[in-house]
$ cat target07.txt   # compact mmCIF, C-alpha atoms and all ligand atoms
# COMPACT_ATOMS: atom_id res chain seq x y z
CA MET A 1 0.00 0.00 0.00
CA VAL A 2 1.15 3.50 -0.81
CA ALA A 3 1.87 6.08 1.90
CA ILE A 4 2.81 9.03 -0.33
CA GLU A 5 2.22 9.42 -4.03
CA THR A 6 2.77 12.42 -6.23
CA ASN A 7 1.99 12.66 -9.93
CA GLY A 8 3.51 15.37 -12.07
CA LEU A 9 3.77 17.55 -8.96
CA THR A 10 5.02 21.02 -9.94
CA LYS A 11 5.46 24.27 -8.07
CA ARG A 12 6.49 27.37 -9.97
CA TYR A 13 7.56 30.66 -8.47
CA GLY A 14 7.51 33.07 -11.41
CA ASP A 15 9.69 31.53 -14.11
CA HIS A 16 11.42 29.19 -11.71
CA ALA A 17 10.15 25.68 -10.96
CA ALA A 18 10.95 24.78 -7.35
CA ILE A 19 9.76 21.26 -8.20
CA ASP A 20 9.06 20.09 -11.68
CA GLY A 21 6.90 17.08 -12.60
CA LEU A 22 7.66 15.05 -9.49
CA ASP A 23 6.46 11.42 -9.59
CA LEU A 24 7.19 10.00 -6.17
CA THR A 25 6.01 6.77 -4.56
CA VAL A 26 6.65 5.94 -0.91
CA ASN A 27 5.21 2.61 0.23
CA ARG A 28 3.75 1.99 3.67
CA GLY A 29 6.49 0.77 6.00
CA ASP A 30 9.24 2.45 3.98
CA VAL A 31 11.92 4.50 5.64
CA PHE A 32 12.37 6.80 2.68
CA GLY A 33 15.32 9.17 2.39
CA PHE A 34 14.51 12.27 0.35
CA VAL A 35 17.88 13.78 -0.44
CA GLY A 36 19.17 16.62 -2.57
CA PRO A 37 21.40 19.67 -2.40
CA ASN A 38 20.26 22.97 -0.90
CA GLY A 39 17.44 24.45 -2.95
CA ALA A 40 16.62 21.15 -4.70
CA GLY A 41 12.95 21.38 -3.70
CA LYS A 42 12.71 19.09 -0.66
CA SER A 43 10.91 21.54 1.64
CA THR A 44 8.61 22.65 -1.16
CA THR A 45 7.55 19.03 -1.70
CA ILE A 46 6.92 18.51 2.02
CA ASN A 47 5.05 21.81 2.26
CA ILE A 48 2.72 20.66 -0.52
CA LEU A 49 2.16 17.30 1.21
CA LEU A 50 1.14 19.28 4.30
CA ASP A 51 -0.91 21.78 2.29
CA TYR A 52 1.19 24.67 3.50
CA VAL A 53 1.81 25.41 -0.18
CA ARG A 54 -0.49 24.76 -3.16
CA PRO A 55 1.01 23.12 -6.27
CA SER A 56 0.95 24.83 -9.67
CA ASP A 57 0.25 21.47 -11.28
CA GLY A 58 -0.04 17.78 -10.48
CA SER A 59 -1.45 15.96 -7.46
CA ALA A 60 -0.35 14.43 -4.17
CA THR A 61 -1.89 11.89 -1.81
CA VAL A 62 -0.79 11.10 1.74
CA LEU A 63 -2.00 7.84 3.32
CA GLY A 64 -4.58 7.64 0.53
CA PHE A 65 -5.99 11.15 1.22
CA ASP A 66 -5.71 14.04 -1.20
CA ALA A 67 -3.14 16.41 0.29
CA GLN A 68 -5.15 19.50 -0.62
CA GLU A 69 -8.77 18.34 -0.36
CA GLN A 70 -8.40 16.17 2.75
CA ARG A 71 -5.76 18.02 4.66
CA ARG A 72 -7.40 17.40 8.04
CA ALA A 73 -7.50 13.61 7.58
CA VAL A 74 -3.82 13.76 6.66
CA ARG A 75 -2.86 15.87 9.68
CA GLU A 76 -4.65 13.52 12.09
CA ARG A 77 -2.50 10.61 11.00
CA ILE A 78 0.97 12.04 10.70
CA GLY A 79 3.77 13.41 12.87
CA VAL A 80 5.61 16.36 11.35
CA LEU A 81 8.96 17.97 11.95
CA PRO A 82 8.81 20.92 9.56
CA ASP A 83 11.81 22.93 8.44
CA GLY A 84 12.03 25.81 10.93
CA TYR A 85 9.51 24.28 13.38
CA ASP A 86 8.37 26.48 16.24
CA LEU A 87 8.46 25.70 19.93
CA TYR A 88 7.12 27.99 22.64
CA ASP A 89 10.05 29.64 24.36
CA ARG A 90 8.21 30.17 27.63
CA LEU A 91 6.94 26.60 27.98
CA THR A 92 9.16 23.90 29.47
CA GLY A 93 10.03 20.70 27.64
CA ARG A 94 7.63 18.79 29.86
CA GLU A 95 4.82 21.26 29.14
CA HIS A 96 5.37 20.78 25.43
CA ILE A 97 5.03 17.03 25.84
CA ARG A 98 1.83 17.37 27.89
CA PHE A 99 0.41 19.84 25.39
CA ALA A 100 1.16 17.53 22.45
CA GLY A 101 -0.28 14.56 24.39
CA ASN A 102 -3.52 16.50 25.05
CA MET A 103 -3.77 17.57 21.40
CA ASN A 104 -3.47 13.92 20.37
CA GLY A 105 -5.72 12.65 23.17
CA VAL A 106 -3.06 10.27 24.52
CA SER A 107 -1.16 9.97 27.77
CA VAL A 108 2.56 10.05 27.21
CA ASP A 109 5.30 8.23 29.12
CA GLU A 110 7.32 11.43 29.55
CA ALA A 111 10.44 9.81 31.00
CA GLN A 112 10.61 7.32 28.14
CA LEU A 113 10.11 9.98 25.49
CA LEU A 114 12.79 12.22 27.01
CA ASP A 115 15.17 9.26 27.19
CA ARG A 116 14.57 8.42 23.52
CA VAL A 117 15.67 11.87 22.41
CA GLY A 118 18.39 12.38 24.99
CA VAL A 119 16.86 15.25 27.00
CA SER A 120 17.37 14.97 30.76
CA ILE A 121 14.51 15.20 33.26
CA ASP A 122 16.14 18.34 34.71
CA ASP A 123 16.33 20.00 31.29
CA ALA A 124 12.70 19.10 30.68
CA GLU A 125 11.75 21.39 33.60
CA ARG A 126 13.41 24.42 31.97
CA PRO A 127 11.74 26.82 29.52
CA VAL A 128 12.57 25.84 25.95
CA GLY A 129 13.86 29.37 25.33
CA THR A 130 16.94 28.38 27.35
CA TYR A 131 17.66 25.29 25.20
CA SER A 132 20.48 24.96 22.68
CA THR A 133 19.57 24.45 19.00
CA GLY A 134 20.30 20.72 19.27
CA MET A 135 18.15 20.32 22.40
CA ARG A 136 15.24 22.08 20.72
CA GLN A 137 15.62 19.79 17.74
CA ARG A 138 15.68 16.70 19.97
CA LEU A 139 12.54 17.77 21.82
CA ALA A 140 10.76 18.61 18.56
CA LEU A 141 11.65 15.16 17.22
CA GLY A 142 10.24 13.47 20.30
CA LEU A 143 7.02 15.47 19.93
CA THR A 144 6.50 14.15 16.37
CA THR A 145 6.23 10.59 17.71
CA ILE A 146 3.42 11.34 20.20
CA GLY A 147 0.25 9.42 19.36
CA ASP A 148 2.11 6.83 17.26
CA PRO A 149 1.43 8.47 13.88
CA GLU A 150 1.15 6.27 10.80
CA LEU A 151 3.63 8.48 8.97
CA LEU A 152 6.48 10.68 10.17
CA LEU A 153 7.45 13.55 7.87
CA LEU A 154 10.84 14.81 8.97
CA ASP A 155 12.32 17.80 7.14
CA GLU A 156 16.09 17.97 7.75
CA PRO A 157 15.75 16.28 11.18
CA THR A 158 19.52 16.09 11.70
CA SER A 159 20.01 19.83 11.35
CA GLY A 160 21.60 21.23 14.51
CA LEU A 161 22.28 17.77 15.96
CA ASP A 162 25.72 16.65 17.13
CA PRO A 163 26.89 13.11 16.19
CA HIS A 164 25.29 11.66 19.33
CA GLY A 165 22.04 13.40 18.45
CA VAL A 166 22.22 12.02 14.90
CA ALA A 167 22.70 8.50 16.32
CA LEU A 168 19.68 8.97 18.65
CA LEU A 169 17.59 10.17 15.75
CA GLN A 170 18.59 7.17 13.65
CA GLN A 171 17.68 4.86 16.53
CA LEU A 172 14.33 6.62 16.94
CA VAL A 173 13.61 6.24 13.22
CA ARG A 174 14.41 2.51 13.39
CA GLU A 175 12.09 2.06 16.38
CA GLU A 176 9.28 3.94 14.66
CA ALA A 177 9.72 1.78 11.57
CA ASP A 178 9.70 -1.36 13.75
CA ARG A 179 6.29 -0.45 15.13
CA GLY A 180 5.06 -0.14 11.53
CA ALA A 181 5.28 3.60 10.86
CA THR A 182 6.34 4.97 7.50
CA VAL A 183 9.13 7.53 7.74
CA PHE A 184 9.84 10.21 5.14
CA PHE A 185 13.20 11.72 5.97
CA SER A 186 14.53 14.67 4.01
CA SER A 187 18.19 15.59 4.19
CA HIS A 188 20.98 17.14 2.15
CA VAL A 189 23.42 14.74 3.84
CA LEU A 190 23.24 11.31 2.24
CA ASP A 191 25.30 9.79 5.06
CA HIS A 192 22.55 10.64 7.54
CA VAL A 193 19.92 8.65 5.69
CA GLU A 194 22.15 5.78 4.60
CA SER A 195 21.97 3.59 7.68
CA VAL A 196 18.23 3.90 8.26
CA CYS A 197 16.52 4.20 4.89
CA ASN A 198 15.48 1.26 2.77
CA ARG A 199 14.81 3.52 -0.22
CA VAL A 200 16.11 6.87 -1.34
CA GLY A 201 14.89 9.48 -3.79
CA ILE A 202 17.43 11.99 -5.06
CA LEU A 203 16.12 15.39 -6.02
CA ASP A 204 18.14 17.85 -8.05
CA ASP A 205 16.96 21.21 -9.29
CA GLY A 206 13.33 20.28 -8.70
CA ARG A 207 13.50 16.95 -10.51
CA LEU A 208 13.65 13.43 -9.17
CA VAL A 209 16.86 12.11 -10.73
CA ALA A 210 16.85 8.70 -9.01
CA MET A 211 14.69 6.57 -6.74
CA ASP A 212 16.10 3.28 -5.54
CA THR A 213 17.76 1.40 -2.69
CA ILE A 214 21.19 2.69 -1.61
CA GLU A 215 22.78 -0.40 -3.19
CA GLY A 216 20.82 0.15 -6.39
CA LEU A 217 21.94 3.78 -6.54
CA ARG A 218 25.51 2.73 -6.04
CA ASP A 219 25.27 0.15 -8.83
CA ASP A 220 23.55 2.55 -11.22
CA ALA A 221 25.84 5.49 -10.60
CA ASP A 222 28.91 3.21 -10.73
CA SER A 223 31.08 6.05 -9.59
CA GLY A 224 34.18 3.94 -10.05
CA SER A 225 36.94 3.10 -7.63
CA THR A 226 40.47 3.93 -6.64
CA VAL A 227 43.33 1.43 -6.94
CA GLU A 228 46.46 1.96 -4.88
CA MET A 229 49.48 -0.25 -5.67
CA ALA A 230 52.86 -0.66 -3.99
CA VAL A 231 55.19 -1.23 -6.94
CA GLU A 232 58.86 -2.13 -7.45
CA PRO A 233 60.73 -1.03 -9.42
CA MET A 234 58.74 2.01 -10.57
CA PRO A 235 58.59 1.78 -14.39
CA ASP A 236 59.48 4.88 -16.39
CA GLY A 237 56.51 6.48 -18.11
CA ILE A 238 53.95 4.37 -16.22
CA ASP A 239 51.74 7.41 -15.58
CA GLU A 240 51.38 8.04 -19.34
CA ALA A 241 50.71 4.33 -20.00
CA LEU A 242 48.00 4.16 -17.35
CA ALA A 243 46.40 7.42 -18.50
CA THR A 244 45.70 5.88 -21.93
CA LEU A 245 43.54 3.12 -20.42
CA GLU A 246 39.81 3.33 -20.79
CA ALA A 247 37.95 4.59 -17.65
CA VAL A 248 41.13 5.91 -15.99
CA HIS A 249 40.67 9.56 -15.09
CA ALA A 250 43.52 10.28 -12.65
CA VAL A 251 46.97 8.80 -12.00
CA ASP A 252 49.30 9.75 -9.16
CA VAL A 253 52.82 8.26 -9.00
CA THR A 254 55.27 8.54 -6.08
CA ASP A 255 58.61 6.70 -5.54
CA SER A 256 56.94 3.39 -4.72
CA THR A 257 53.16 3.77 -5.06
CA ILE A 258 50.74 4.35 -7.89
CA THR A 259 47.20 5.58 -7.23
CA VAL A 260 44.72 5.28 -10.08
CA SER A 261 41.14 6.62 -10.04
CA THR A 262 38.72 5.00 -12.43
CA THR A 263 35.19 5.90 -13.48
CA ASP A 264 34.33 2.20 -13.77
CA SER A 265 35.29 -0.32 -11.10
CA ALA A 266 35.55 -3.03 -13.80
CA ALA A 267 38.72 -1.30 -15.04
CA LYS A 268 40.78 -2.48 -12.05
CA PRO A 269 42.30 -5.65 -13.64
CA ALA A 270 43.47 -3.70 -16.70
CA VAL A 271 45.19 -1.20 -14.41
CA ILE A 272 47.12 -3.93 -12.59
CA ASP A 273 47.99 -5.71 -15.85
CA CYS A 274 49.35 -2.46 -17.28
CA VAL A 275 51.79 -2.10 -14.36
CA ARG A 276 52.91 -5.72 -14.63
CA ASP A 277 53.35 -5.45 -18.42
CA ALA A 278 55.69 -2.51 -17.79
CA GLY A 279 57.99 -4.93 -15.93
CA ALA A 280 57.11 -4.04 -12.32
CA ARG A 281 56.13 -6.26 -9.42
CA VAL A 282 52.90 -5.30 -7.69
CA ALA A 283 53.74 -5.96 -4.03
CA ASP A 284 50.40 -4.81 -2.58
CA VAL A 285 47.01 -3.62 -3.87
CA THR A 286 44.29 -1.68 -2.05
CA THR A 287 41.02 -0.72 -3.70
CA ARG A 288 38.37 1.69 -2.49
CA GLU A 289 34.86 1.81 -3.95
CA ALA A 290 33.03 5.08 -4.43
CA THR A 291 31.80 6.66 -1.22
CA LEU A 292 28.16 7.55 -0.87
CA GLU A 293 29.03 11.21 -1.26
CA GLN A 294 30.59 10.39 -4.64
CA VAL A 295 27.42 8.51 -5.57
CA PHE A 296 25.41 11.57 -4.58
CA ASP A 297 27.73 13.80 -6.62
CA ALA A 298 27.25 11.53 -9.61
CA TYR A 299 23.54 12.36 -9.59
CA THR A 300 23.64 16.04 -8.69
CA THR A 301 25.56 19.11 -9.70
CA GLN A 302 26.06 22.24 -7.69
CA PRO A 303 28.53 24.70 -9.20
CA THR A 304 30.62 26.62 -6.73
CA ASP A 305 28.89 29.90 -7.58
CA GLY A 306 25.83 28.49 -5.85
CA ARG A 307 23.63 28.18 -8.93
CA ARG A 308 22.64 24.70 -9.87
CA THR A 309 22.29 23.20 -13.30
CA ALA A 310 20.55 20.03 -14.33
CA ALA A 311 21.73 16.72 -12.89
CA GLY A 312 25.41 16.03 -13.44
CA ARG A 313 25.53 12.65 -15.04
CA PRO A 314 22.49 10.67 -15.95
CA PRO A 315 21.80 7.74 -13.68
CA GLY A 316 21.76 4.29 -15.19
CA GLY A 317 18.64 2.41 -16.20
CA ARG A 318 16.78 1.61 -12.99
CA ARG A 319 14.88 4.51 -11.48
CA ASP A 320 11.85 3.34 -9.67
CA ARG A 321 12.07 0.42 -7.33
N1 LIG A 401 8.22 31.23 -1.49
C1 LIG A 401 9.15 31.12 -2.43
N2 LIG A 401 9.31 32.06 -3.38
C2 LIG A 401 10.22 31.96 -4.35
N3 LIG A 401 11.08 30.91 -4.47
C3 LIG A 401 10.98 29.93 -3.55
C4 LIG A 401 10.01 29.98 -2.49
N4 LIG A 401 10.16 28.84 -1.75
C5 LIG A 401 11.16 28.14 -2.32
N5 LIG A 401 11.65 28.79 -3.39
C6 LIG A 401 12.74 28.32 -4.26
O1 LIG A 401 12.46 27.00 -4.64
C7 LIG A 401 13.64 26.22 -4.70
C8 LIG A 401 13.50 25.01 -3.80
O2 LIG A 401 13.50 25.43 -2.44
P1 LIG A 401 13.32 24.41 -1.24
O3 LIG A 401 13.32 25.21 0.01
O4 LIG A 401 12.16 23.53 -1.50
O5 LIG A 401 14.66 23.54 -1.35
P2 LIG A 401 15.29 22.50 -0.33
O6 LIG A 401 15.70 21.32 -1.11
O7 LIG A 401 14.35 22.27 0.81
O8 LIG A 401 16.56 23.29 0.17
P3 LIG A 401 17.33 23.29 1.57
O9 LIG A 401 18.06 21.97 1.68
O10 LIG A 401 18.28 24.43 1.42
O11 LIG A 401 16.31 23.49 2.66
C9 LIG A 401 14.78 27.15 -4.30
O12 LIG A 401 15.35 27.67 -5.47
C10 LIG A 401 14.06 28.25 -3.54
O13 LIG A 401 14.76 29.46 -3.61
$ encode --input "target07.txt" --output "structure tokens" --more "lines below"
Ligand SMILES: Nc1ncnc2c1ncn2[C@@H]1O[C@H](COP(=O)(O)OP(=O)(O)OP(=O)(O)O)[C@@H](O)[C@H]1O
Amino acid sequence: MVAIETNGLTKRYGDHAAIDGLDLTVNRGDVFGFVGPNGAGKSTTINILLDYVRPSDGSATVLGFDAQEQRRAVRERIGVLPDGYDLYDRLTGREHIRFAGNMNGVSVDEAQLLDRVGVSIDDAERPVGTYSTGMRQRLALGLTTIGDPELLLLDEPTSGLDPHGVALLQQLVREEADRGATVFFSSHVLDHVESVCNRVGILDDGRLVAMDTIEGLRDDADSGSTVEMAVEPMPDGIDEALATLEAVHAVDVTDSTITVSTTDSAAKPAVIDCVRDAGARVADVTTREATLEQVFDAYTTQPTDGRRTAAGRPPGGRRDR
């Protein structure tokens, strides 16, 4: 069953499309990572799902309800951490929890909730206006889980969190998924979604450029690998010889090591053969596959002047899984 579906969803501001023809499917039970660089359109998409913003074109359903026509039915079933959420500075953490419990008509195990998000009982007695950014974020996250919503919509939930806070969030997301909730988790940091999401959609310049599992994205992007070899003796002209090989895009030679970056991990044997054919012994070989950030870079482009163009390199065949 589908938790979120958008068809041709588009939002234009003047001549600029913040999102452009978005076809997104999030299944019930998914922990879905919605990733993309700054300005890609993540918040705009979430704001349409919540009916904070009306689309210029296309449609969106949340838990089977039309996001615009049945906004109340949607709100009753979801927990939301919006971008730039608001807490009440004068209320304490505990008062926020009680307030959210009353709004949802449930009694909340306050100690357990505070423990889940790493806020101490003492801190919970203080006005939220005295909290650090990370503490506010932790409390806000805890509040989204009150009433066991069917769907959690989290817009940049790791923003302002330290590494311990990120780990707590990831644990909380896993627990919510274990009880059967769907989680929609937007982030511009692919690493933060990697360990918890079963599927990921990558947005770039308002367009969905990939939607797949992390492994599938890695396979499709095939961002290559790096081969590092300890070599003796170092053959003359080996850098030029390696540079002529297909899929080799960078060669670095020192007294005893050669480092070769390839755009295709299948090129590794040819690289090693080339060194051997030049009369050298390869004493040791280390290979590193593309990091997730490189995978992300393979799908998105963000020039240093801050303007973005269309997606960098086209992803391979599979898009929608
Ligand atoms: N109200 C608005 N008026 C004009 N342009 C807007 C408005 N809201 C968003 N945009 C533009 O739409 C594009 C997408 O913005 P959006 O906030 O959805 O991106 P994002 O992926 O959430 O970015 P970030 O990671 O920085 O939060 C950006 O170019 C932004 O400037």
$ residues_near_ligand --input "target07.txt" --ligand "ligand LIG 401 (chain A)" --cutoff "6 Å" --atoms "only C-alpha atoms and all ligand atoms" --output "number ranges by chain"
A: 13, 18, 37-44, 188
$ axis_aligned_box --input "target07.txt" --around "stretch 56-67 of chain A" --padding-each-side "6 Å" --output "JSON"
{"center_x": -2.5, "center_y": 16.2, "center_z": -4.0, "size_x": 18.9, "size_y": 29.2, "size_z": 26.6}
$ closest_residue --input "target07.txt" --among "A:Leu203, A:Gln112, A:Thr213, A:Asp219" --to "A:Leu172" --atoms "all atoms listed in the file"
A:Gln112
$ residues_around --input "target07.txt" --residues "A:Asn104" --least-positions-apart "4" --cutoff "9 Å" --atoms "only C-alpha atoms" --output "PyMOL selection string"
chain A and resi 76+99-100+146-147
$ residues_around --input "target07.txt" --residues "stretch 136-139 of chain A" --least-positions-apart "3" --cutoff "12 Å" --atoms "all atoms listed in the file" --output "number ranges by chain"
A: 81-89, 91-97, 100, 110, 113-121, 123-124, 126-133, 142-146, 154-162, 164-170, 172
$ atom_distance --input "target07.txt" --atom1 "atom CA of A:Val248" --atom2 "atom CA of A:Glu232"
21.3 Å
$ atom_distance --input "target07.txt" --atom1 "atom CA of A:Arg54" --atom2 "atom CA of A:Cys197"
27.9 Å
$ closest_residue --input "target07.txt" --among "A:Asp264, A:Asp15, A:Asp30, A:Glu176" --to "A:Gly201" --atoms "all atoms listed in the file"
A:Asp30
$ residues_around --input "target07.txt" --residues "A:Val74" --least-positions-apart "4" --cutoff "8 Å" --atoms "all atoms listed in the file" --output "ChimeraX atom specification"
/A:50,62-63,65,67,70,78
$ atom_distance --input "target07.txt" --atom1 "atom CA of A:Arg12" --atom2 "atom CA of A:Val35"
20.1 Å
$ residues_near_point --input "target07.txt" --point "(1.9, 8.5, -7.7)" --cutoff "8 Å" --atoms "all atoms listed in the file" --output "PyMOL selection string"
chain A and resi 4-7+23-25+60-61
$ residues_around --input "target07.txt" --residues "A:Arg288" --least-positions-apart "2" --cutoff "10 Å" --atoms "only C-alpha atoms" --output "VMD selection string"
chain A and resid 224 to 228 261 265 286 290 to 291
$ closest_residue --input "target07.txt" --among "A:Asp20, A:Met1, A:Arg75, A:Tyr299" --to "A:Arg218" --atoms "all atoms listed in the file"
A:Tyr299
$ closest_residue --input "target07.txt" --among "A:Arg90, A:Arg174, A:Arg276, A:Lys11" --to "A:Asp205" --atoms "all atoms listed in the file"
A:Lys11
